[in-house]
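To be precise, the following lines are final-v6.csv, and they hold CSV, N, CA and C atoms.
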chain,number,residue,atom,x,y,z
A,134,MET,N,104.4,116.5,96.2
A,134,MET,CA,103.6,116.5,97.3
A,134,MET,C,104.5,116.7,98.6
A,135,LYS,N,104.0,117.5,99.5
A,135,LYS,CA,104.8,117.7,100.7
A,135,LYS,C,105.0,116.5,101.6
A,136,LYS,N,106.0,116.4,102.4
A,136,LYS,CA,106.3,115.3,103.2
A,136,LYS,C,105.1,114.9,104.1
A,137,ASN,N,104.5,115.9,104.8
A,137,ASN,CA,103.4,115.6,105.7
A,137,ASN,C,102.2,115.0,104.9
A,138,ALA,N,101.9,115.6,103.7
A,138,ALA,CA,100.8,115.1,102.9
A,138,ALA,C,101.1,113.7,102.4
A,139,GLN,N,102.3,113.4,102.0
A,139,GLN,CA,102.7,112.0,101.6
A,139,GLN,C,102.4,111.0,102.8
A,140,ARG,N,102.9,111.4,104.0
A,140,ARG,CA,102.7,110.6,105.2
A,140,ARG,C,101.3,110.4,105.5
A,141,LYS,N,100.5,111.4,105.5
A,141,LYS,CA,99.0,111.3,105.7
A,141,LYS,C,98.3,110.4,104.7
A,142,THR,N,98.7,110.5,103.4
A,142,THR,CA,98.1,109.7,102.4
A,142,THR,C,98.5,108.2,102.6
A,143,LEU,N,99.8,108.0,102.9
A,143,LEU,CA,100.2,106.6,103.2
A,143,LEU,C,99.4,106.0,104.4
A,144,GLN,N,99.2,106.8,105.4
A,144,GLN,CA,98.4,106.4,106.6
A,144,GLN,C,97.0,106.0,106.2
A,145,VAL,N,96.4,106.8,105.4
A,145,VAL,CA,95.0,106.6,104.9
A,145,VAL,C,95.0,105.3,104.1
A,146,VAL,N,95.9,105.2,103.1
A,146,VAL,CA,95.9,104.0,102.3
A,146,VAL,C,96.2,102.7,103.1
A,147,THR,N,97.1,102.8,104.0
A,147,THR,CA,97.3,101.6,104.9
A,147,THR,C,96.1,101.3,105.7
A,148,GLY,N,95.4,102.3,106.2
A,148,GLY,CA,94.2,102.0,107.0
A,148,GLY,C,93.1,101.3,106.1
A,149,ILE,N,93.0,101.8,104.9
A,149,ILE,CA,92.0,101.2,104.0
A,149,ILE,C,92.4,99.8,103.6
A,150,LEU,N,93.7,99.6,103.3
A,150,LEU,CA,94.1,98.3,102.9
A,150,LEU,C,94.0,97.3,104.0
A,151,ALA,N,94.1,97.7,105.3
A,151,ALA,CA,94.0,96.8,106.4
A,151,ALA,C,92.6,96.4,106.7
A,152,ILE,N,91.6,97.1,106.1
A,152,ILE,CA,90.2,96.6,106.3
A,152,ILE,C,90.0,95.2,105.7
A,153,ALA,N,90.7,94.9,104.6
A,153,ALA,CA,90.5,93.6,104.0
A,153,ALA,C,90.9,92.4,104.9
A,154,PRO,N,92.2,92.4,105.4
A,154,PRO,CA,92.5,91.3,106.3
A,154,PRO,C,91.7,91.3,107.6
A,155,LEU,N,91.3,92.5,108.1
A,155,LEU,CA,90.6,92.5,109.3
A,155,LEU,C,89.2,91.9,109.1
A,156,SER,N,88.5,92.4,108.1
A,156,SER,CA,87.1,91.9,107.9
A,156,SER,C,87.1,90.4,107.5
A,157,ALA,N,88.0,90.0,106.6
A,157,ALA,CA,88.1,88.6,106.1
A,157,ALA,C,88.5,87.7,107.3
A,158,GLY,N,89.4,88.2,108.1
A,158,GLY,CA,89.8,87.4,109.3
A,158,GLY,C,88.7,87.3,110.3
A,159,LEU,N,87.9,88.3,110.6
A,159,LEU,CA,86.8,88.2,111.5
A,159,LEU,C,85.7,87.3,111.0
A,160,ILE,N,85.4,87.4,109.7
A,160,ILE,CA,84.4,86.5,109.2
A,160,ILE,C,85.0,85.1,109.2
A,161,GLY,N,86.2,84.9,108.8
A,161,GLY,CA,86.8,83.6,108.8
A,161,GLY,C,87.0,82.9,110.1
A,162,LEU,N,86.9,83.7,111.2
A,162,LEU,CA,86.9,83.0,112.5
A,162,LEU,C,85.8,82.1,112.8
A,163,SER,N,84.8,82.1,111.9
A,163,SER,CA,83.7,81.1,112.0
A,163,SER,C,84.1,79.7,111.5
A,164,GLY,N,85.4,79.6,111.1
A,164,GLY,CA,85.9,78.3,110.7
A,164,GLY,C,85.2,77.7,109.5
A,165,ILE,N,84.9,76.4,109.6
A,165,ILE,CA,84.2,75.7,108.5
A,165,ILE,C,82.8,76.2,108.2
A,166,TYR,N,82.3,77.0,109.1
A,166,TYR,CA,80.9,77.6,109.0
A,166,TYR,C,81.0,79.0,108.4
A,167,ASN,N,82.1,79.4,107.8
A,167,ASN,CA,82.2,80.7,107.2
A,167,ASN,C,81.1,80.9,106.2
A,168,PRO,N,80.4,82.0,106.3
A,168,PRO,CA,79.2,82.2,105.4
A,168,PRO,C,79.7,82.6,104.0
A,169,LEU,N,81.0,82.9,103.8
A,169,LEU,CA,81.5,83.2,102.5
A,169,LEU,C,81.8,82.0,101.6
A,170,PHE,N,81.9,80.8,102.2
A,170,PHE,CA,82.2,79.6,101.5
A,170,PHE,C,81.1,79.3,100.6
A,171,LEU,N,81.4,79.0,99.3
A,171,LEU,CA,80.3,78.7,98.4
A,171,LEU,C,79.7,77.3,98.6
A,172,GLU,N,80.3,76.5,99.3
A,172,GLU,CA,79.8,75.2,99.6
A,172,GLU,C,80.1,74.8,101.0
A,173,ARG,N,79.3,73.9,101.6
A,173,ARG,CA,79.5,73.5,103.0
A,173,ARG,C,80.8,72.6,103.1
A,174,LEU,N,81.7,72.9,104.0
A,174,LEU,CA,82.9,72.1,104.2
A,174,LEU,C,82.5,70.9,105.1
A,175,PRO,N,83.3,69.8,105.0
A,175,PRO,CA,83.0,68.7,105.9
A,175,PRO,C,83.4,69.1,107.3
A,176,GLU,N,82.7,68.5,108.3
A,176,GLU,CA,83.0,68.8,109.7
A,176,GLU,C,84.3,68.1,110.1
A,177,ASN,N,85.3,68.8,110.1
A,177,ASN,CA,86.7,68.2,110.4
A,177,ASN,C,87.3,69.2,111.4
A,178,PRO,N,87.6,68.6,112.6
A,178,PRO,CA,88.2,69.5,113.6
A,178,PRO,C,89.5,70.1,113.3
A,179,VAL,N,90.3,69.4,112.5
A,179,VAL,CA,91.7,69.9,112.1
A,179,VAL,C,91.5,71.0,111.2
A,180,LEU,N,90.7,70.9,110.2
A,180,LEU,CA,90.4,71.9,109.2
A,180,LEU,C,89.8,73.1,109.9
A,181,ASP,N,88.8,72.9,110.7
A,181,ASP,CA,88.2,74.0,111.4
A,181,ASP,C,89.2,74.8,112.3
A,182,SER,N,90.0,74.1,113.0
A,182,SER,CA,91.0,74.7,113.9
A,182,SER,C,92.0,75.5,113.1
A,183,ASN,N,92.5,74.9,112.0
A,183,ASN,CA,93.5,75.6,111.1
A,183,ASN,C,92.9,76.9,110.5
A,184,LEU,N,91.6,76.8,110.0
A,184,LEU,CA,91.0,77.9,109.5
A,184,LEU,C,90.8,79.1,110.5
A,185,ARG,N,90.4,78.7,111.7
A,185,ARG,CA,90.3,79.7,112.7
A,185,ARG,C,91.6,80.3,113.1
A,186,PHE,N,92.7,79.5,113.2
A,186,PHE,CA,94.0,80.0,113.6
A,186,PHE,C,94.5,81.0,112.5
A,187,LEU,N,94.4,80.6,111.2
A,187,LEU,CA,94.9,81.4,110.2
A,187,LEU,C,94.1,82.7,110.0
A,188,ASN,N,92.8,82.6,110.3
A,188,ASN,CA,92.0,83.9,110.2
A,188,ASN,C,92.3,84.8,111.4
A,189,ALA,N,92.7,84.2,112.5
A,189,ALA,CA,93.1,85.0,113.7
A,189,ALA,C,94.4,85.7,113.3
A,190,MET,N,95.3,85.1,112.6
A,190,MET,CA,96.5,85.7,112.1
A,190,MET,C,96.2,86.9,111.2
A,191,SER,N,95.2,86.7,110.3
A,191,SER,CA,94.8,87.9,109.5
A,191,SER,C,94.4,89.1,110.3
A,192,VAL,N,93.6,88.8,111.4
A,192,VAL,CA,93.2,89.9,112.2
A,192,VAL,C,94.4,90.5,112.9
A,193,ALA,N,95.4,89.7,113.3
A,193,ALA,CA,96.6,90.2,114.0
A,193,ALA,C,97.4,91.1,113.0
A,194,VAL,N,97.5,90.7,111.7
A,194,VAL,CA,98.2,91.4,110.7
A,194,VAL,C,97.5,92.8,110.5
A,195,ALA,N,96.2,92.8,110.4
A,195,ALA,CA,95.5,94.1,110.3
A,195,ALA,C,95.7,95.0,111.5
A,196,LEU,N,95.6,94.4,112.7
A,196,LEU,CA,95.7,95.2,113.9
A,196,LEU,C,97.2,95.8,114.0
A,197,SER,N,98.1,95.0,113.5
A,197,SER,CA,99.5,95.5,113.5
A,197,SER,C,99.6,96.7,112.6
A,198,PHE,N,99.0,96.7,111.5
A,198,PHE,CA,99.0,97.9,110.6
A,198,PHE,C,98.4,99.1,111.4
A,199,TYR,N,97.3,98.8,112.0
A,199,TYR,CA,96.6,100.0,112.7
A,199,TYR,C,97.5,100.5,113.9
A,200,PHE,N,98.2,99.7,114.5
A,200,PHE,CA,99.1,100.2,115.6
A,200,PHE,C,100.3,100.9,115.0
A,201,ILE,N,100.7,100.6,113.8
A,201,ILE,CA,101.9,101.3,113.2
A,201,ILE,C,101.5,102.6,112.6
A,202,ILE,N,100.2,102.7,112.1
A,202,ILE,CA,99.8,103.9,111.4
A,202,ILE,C,100.2,105.3,112.1
A,203,PRO,N,100.0,105.4,113.4
A,203,PRO,CA,100.3,106.7,113.9
A,203,PRO,C,101.8,107.1,113.8
A,204,VAL,N,102.7,106.2,113.8
A,204,VAL,CA,104.1,106.4,113.7
A,204,VAL,C,104.7,105.8,112.5
A,205,ILE,N,104.0,105.8,111.4
A,205,ILE,CA,104.3,105.1,110.2
A,205,ILE,C,105.7,105.4,109.6
A,206,GLU,N,106.2,106.6,109.8
A,206,GLU,CA,107.5,107.0,109.3
A,206,GLU,C,108.6,106.5,110.1
A,207,LYS,N,108.3,106.0,111.4
A,207,LYS,CA,109.4,105.6,112.3
A,207,LYS,C,109.5,104.0,112.3
A,208,GLU,N,108.5,103.3,111.9
A,208,GLU,CA,108.4,101.9,112.1
A,208,GLU,C,108.7,101.1,110.8
A,209,THR,N,109.8,101.4,110.1
A,209,THR,CA,110.1,100.7,108.9
A,209,THR,C,110.2,99.2,109.0
A,210,LEU,N,110.9,98.7,110.0
A,210,LEU,CA,111.0,97.3,110.2
A,210,LEU,C,109.7,96.6,110.4
A,211,ALA,N,108.9,97.1,111.3
A,211,ALA,CA,107.6,96.6,111.7
A,211,ALA,C,106.7,96.6,110.4
A,212,TYR,N,106.7,97.7,109.7
A,212,TYR,CA,105.9,97.8,108.5
A,212,TYR,C,106.3,96.8,107.4
A,213,ARG,N,107.6,96.6,107.3
A,213,ARG,CA,108.1,95.6,106.3
A,213,ARG,C,107.7,94.1,106.8
A,214,ILE,N,107.8,93.9,108.0
A,214,ILE,CA,107.4,92.5,108.5
A,214,ILE,C,105.9,92.3,108.2
A,215,VAL,N,105.1,93.2,108.5
A,215,VAL,CA,103.6,93.1,108.2
A,215,VAL,C,103.4,92.9,106.7
A,216,CYS,N,104.0,93.8,105.9
A,216,CYS,CA,103.9,93.7,104.5
A,216,CYS,C,104.4,92.3,103.9
A,217,CYS,N,105.5,91.9,104.5
A,217,CYS,CA,106.0,90.6,104.0
A,217,CYS,C,105.2,89.4,104.4
A,218,SER,N,104.5,89.5,105.5
A,218,SER,CA,103.5,88.5,105.9
A,218,SER,C,102.4,88.4,105.0
A,219,ILE,N,101.9,89.5,104.5
A,219,ILE,CA,100.8,89.6,103.5
A,219,ILE,C,101.3,89.0,102.2
A,220,PHE,N,102.5,89.4,101.8
A,220,PHE,CA,103.1,88.9,100.5
A,220,PHE,C,103.3,87.4,100.6
A,221,SER,N,103.8,86.9,101.7
A,221,SER,CA,103.9,85.4,101.9
A,221,SER,C,102.6,84.7,101.8
A,222,GLY,N,101.6,85.3,102.4
A,222,GLY,CA,100.2,84.7,102.2
A,222,GLY,C,99.9,84.6,100.7
A,223,GLY,N,100.2,85.6,100.0
A,223,GLY,CA,100.0,85.6,98.5
A,223,GLY,C,100.7,84.5,97.8
A,224,VAL,N,102.0,84.3,98.3
A,224,VAL,CA,102.8,83.2,97.7
A,224,VAL,C,102.1,81.9,98.0
A,225,GLY,N,101.6,81.7,99.2
A,225,GLY,CA,100.8,80.5,99.5
A,225,GLY,C,99.6,80.3,98.6
A,226,ARG,N,98.9,81.4,98.4
A,226,ARG,CA,97.7,81.4,97.5
A,226,ARG,C,98.1,81.0,96.1
A,227,LEU,N,99.3,81.6,95.6
A,227,LEU,CA,99.8,81.3,94.3
A,227,LEU,C,100.1,79.8,94.2
A,228,ILE,N,100.7,79.2,95.2
A,228,ILE,CA,101.0,77.8,95.2
A,228,ILE,C,99.8,77.0,95.1
A,229,SER,N,98.7,77.4,95.8
A,229,SER,CA,97.5,76.7,95.8
A,229,SER,C,96.9,76.8,94.3
A,230,PHE,N,97.0,77.9,93.7
A,230,PHE,CA,96.5,78.1,92.3
A,230,PHE,C,97.2,77.2,91.4
A,231,CYS,N,98.5,76.9,91.6
A,231,CYS,CA,99.3,76.0,90.8
A,231,CYS,C,98.8,74.6,90.9
A,232,TYR,N,98.4,74.2,92.1
A,232,TYR,CA,98.0,72.8,92.4
A,232,TYR,C,96.5,72.6,92.1
A,233,LEU,N,95.7,73.6,92.4
A,233,LEU,CA,94.3,73.5,92.2
A,233,LEU,C,93.8,74.6,91.3
A,234,ASP,N,92.7,74.4,90.7
A,234,ASP,CA,92.1,75.4,89.8
A,234,ASP,C,91.7,76.6,90.7
A,235,ALA,N,92.1,77.8,90.3
A,235,ALA,CA,91.7,79.0,91.0
A,235,ALA,C,90.2,79.2,91.0
A,236,GLY,N,89.6,78.9,89.9
A,236,GLY,CA,88.1,78.8,89.8
A,236,GLY,C,87.4,80.2,90.1
A,237,PHE,N,87.4,80.7,91.3
A,237,PHE,CA,86.7,81.8,91.7
A,237,PHE,C,87.5,83.1,91.4
A,238,PHE,N,87.0,83.9,90.4
A,238,PHE,CA,87.8,85.0,89.9
A,238,PHE,C,88.2,86.0,91.0
A,239,PRO,N,87.3,86.3,92.0
A,239,PRO,CA,87.8,87.3,93.0
A,239,PRO,C,89.0,86.8,93.8
A,240,LEU,N,89.3,85.5,93.8
A,240,LEU,CA,90.5,85.0,94.5
A,240,LEU,C,91.7,85.5,93.7
A,241,PHE,N,91.6,85.6,92.4
A,241,PHE,CA,92.7,86.0,91.6
A,241,PHE,C,93.0,87.5,91.9
A,242,LEU,N,91.9,88.3,92.0
A,242,LEU,CA,92.1,89.7,92.4
A,242,LEU,C,92.7,89.9,93.8
A,243,ILE,N,92.3,89.1,94.7
A,243,ILE,CA,92.9,89.1,96.0
A,243,ILE,C,94.4,88.7,95.9
A,244,LEU,N,94.7,87.7,95.1
A,244,LEU,CA,96.1,87.4,95.0
A,244,LEU,C,96.9,88.5,94.4
A,245,MET,N,96.4,89.2,93.5
A,245,MET,CA,97.1,90.4,92.9
A,245,MET,C,97.3,91.5,94.0
A,246,LEU,N,96.3,91.7,94.8
A,246,LEU,CA,96.5,92.7,95.9
A,246,LEU,C,97.6,92.2,96.9
A,247,GLU,N,97.6,90.9,97.2
A,247,GLU,CA,98.6,90.4,98.2
A,247,GLU,C,100.0,90.4,97.6
A,248,MET,N,100.1,90.3,96.3
A,248,MET,CA,101.5,90.2,95.7
A,248,MET,C,102.0,91.6,95.3
A,249,VAL,N,101.1,92.5,95.0
A,249,VAL,CA,101.6,93.8,94.5
A,249,VAL,C,101.5,94.9,95.5
A,250,CYS,N,100.5,95.1,96.3
A,250,CYS,CA,100.3,96.2,97.2
A,250,CYS,C,101.4,96.2,98.3
A,251,PRO,N,101.8,95.1,98.9
A,251,PRO,CA,102.8,95.2,99.9
A,251,PRO,C,104.2,95.7,99.4
A,252,ILE,N,104.5,95.4,98.1
A,252,ILE,CA,105.8,95.9,97.6
A,252,ILE,C,105.7,97.4,97.3
A,253,ILE,N,104.5,97.9,96.8
A,253,ILE,CA,104.4,99.3,96.6
A,253,ILE,C,104.4,100.1,97.9
A,254,ILE,N,103.6,99.6,98.9
A,254,ILE,CA,103.5,100.4,100.1
A,254,ILE,C,104.8,100.3,100.9
A,255,MET,N,105.6,99.2,100.8
A,255,MET,CA,106.9,99.2,101.5
A,255,MET,C,107.8,100.2,100.9
A,256,TYR,N,107.8,100.3,99.6
A,256,TYR,CA,108.7,101.3,98.9
A,256,TYR,C,108.3,102.7,99.3
A,257,TRP,N,107.0,102.9,99.3
A,257,TRP,CA,106.4,104.2,99.7
A,257,TRP,C,106.8,104.6,101.1
A,258,GLN,N,106.6,103.7,102.0
A,258,GLN,CA,107.0,103.9,103.4
A,258,GLN,C,108.5,104.2,103.6
A,259,GLN,N,109.3,103.5,102.9
A,259,GLN,CA,110.7,103.7,102.9
A,259,GLN,C,111.1,105.1,102.5
A,260,ARG,N,110.5,105.6,101.4
A,260,ARG,CA,110.7,107.0,100.9
A,260,ARG,C,110.3,108.0,102.0
A,261,ILE,N,109.2,107.8,102.6
A,261,ILE,CA,108.7,108.7,103.7
A,261,ILE,C,109.7,108.7,104.9
A,262,ALA,N,110.1,107.5,105.3
A,262,ALA,CA,111.0,107.3,106.4
A,262,ALA,C,112.3,108.0,106.1
A,263,SER,N,112.8,107.8,104.9
A,263,SER,CA,114.2,108.4,104.6
A,263,SER,C,114.1,110.0,104.5
A,264,GLU,N,112.9,110.5,104.0
A,264,GLU,CA,112.7,111.9,103.9
A,264,GLU,C,112.6,112.5,105.3
A,265,THR,N,112.1,111.8,106.3
A,265,THR,CA,111.9,112.3,107.6
A,265,THR,C,113.2,112.4,108.4
A,266,THR,N,114.1,111.4,108.1
A,266,THR,CA,115.4,111.5,108.7
A,266,THR,C,116.4,112.4,108.1
A,267,ASP,N,116.1,112.9,106.9
A,267,ASP,CA,117.0,113.9,106.2
A,267,ASP,C,116.9,115.2,106.9
Any chance you could put this one into structure tokens?
Amino acid sequence: MKKNAQRKTLQVVTGILAIAPLSAGLIGLSGIYNPLFLERLPENPVLDSNLRFLNAMSVAVALSFYFIIPVIEKETLAYRIVCCSIFSGGVGRLISFCYLDAGFFPLFLILMLEMVCPIIIMYWQQRIASETTD
């Protein structure tokens, strides 16, 4: 595949993958009243505050991807930082699975995306960046 086609494909894939943290983060900003929770959480200001903070971080991660997309071949460090933040979130989710029952199967699929996709797209971006500088 030609360099420009590879770049465009990575831009599209990155944009599609960024939809997940953006939409989950926006929904999650409702804190303990998140409509996706299968049960009602106790009204706890610390829990609500932490949920809203962490979901705002998901929105920031997604927006970071969208700001990088136009110059994806030039922003290797920024791209790696955003990918590593997603991977780190997956590590946190994995730790939670070790302590508590994962229970809900879609969470396992999300974990796989958080642990595998960042590694693949970082490698892909690195190849495109190095081809651009050659």
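Interatomic distance, CA of Gly161 in chain A against atom N of Leu244 in chain A: 16.3 Å.
Among the candidates A:Ala211, A:Ile152, A:Met248, A:Ile201, the one nearest to Val224 in chain A when counting all atoms listed in the file is A:Met248.
Here atom N of Cys231 in chain A and CA of Leu246 in chain A stand 16.5 Å from one another.
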Who sits within 10 Å of Ser156 in chain A, only C-alpha atoms, same chain under 4 positions skipped, as a VMD selection string: chain A and resid 151 to 152 160 to 161 188 191 to 192 195
Here atom N of Ala189 in chain A and atom C of Gly158 in chain A stand apart by 5.5 Å
Best match for closeness to Ser163 in chain A among A:Pro178, A:Phe237, A:Leu143, A:Leu184, counting all atoms listed in the file: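 Closest to Ser163 in chain A of all the choices is A:Leu184.
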Which residues are near range 214-219 of chain A? Cut-off 6.5 Å, only N, CA and C atoms, ignore same chain within fewer than 4 positions. Put them as a PyMOL selection string. chain A and resi 194+209-210+223-224+247-248+251
List the neighbours of Ile261 in chain A out to 8 Å using only N, CA and C atoms; skip same-chain residues closer than 5 positions along the sequence, and give me the result as a PyMOL selection string. chain A and resi 136+139-140+205-207+255-256+266-267
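Closest to Gln144 in chain A among A:Pro203, A:Thr265, A:Glu172, A:Met245 is A:Pro203, based on only N, CA and C atoms.
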Write out as a ChimeraX atom specification all residues of range 154-207 of chain A that DSSP puts in alpha helix (DSSP H) for this structure's backbone. /A:154-161,178-201
Box time for range 176-192 of chain A: axis-aligned, enclosing all its listed atoms, 5 Å extra on each side; report centre and edge lengths in Å to one decimal, as lines of an AutoDock Vina configuration file.
center_x = 89.6
center_y = 79.3
center_z = 111.1
size_x = 23.8
size_y = 32.4
size_z = 15.6
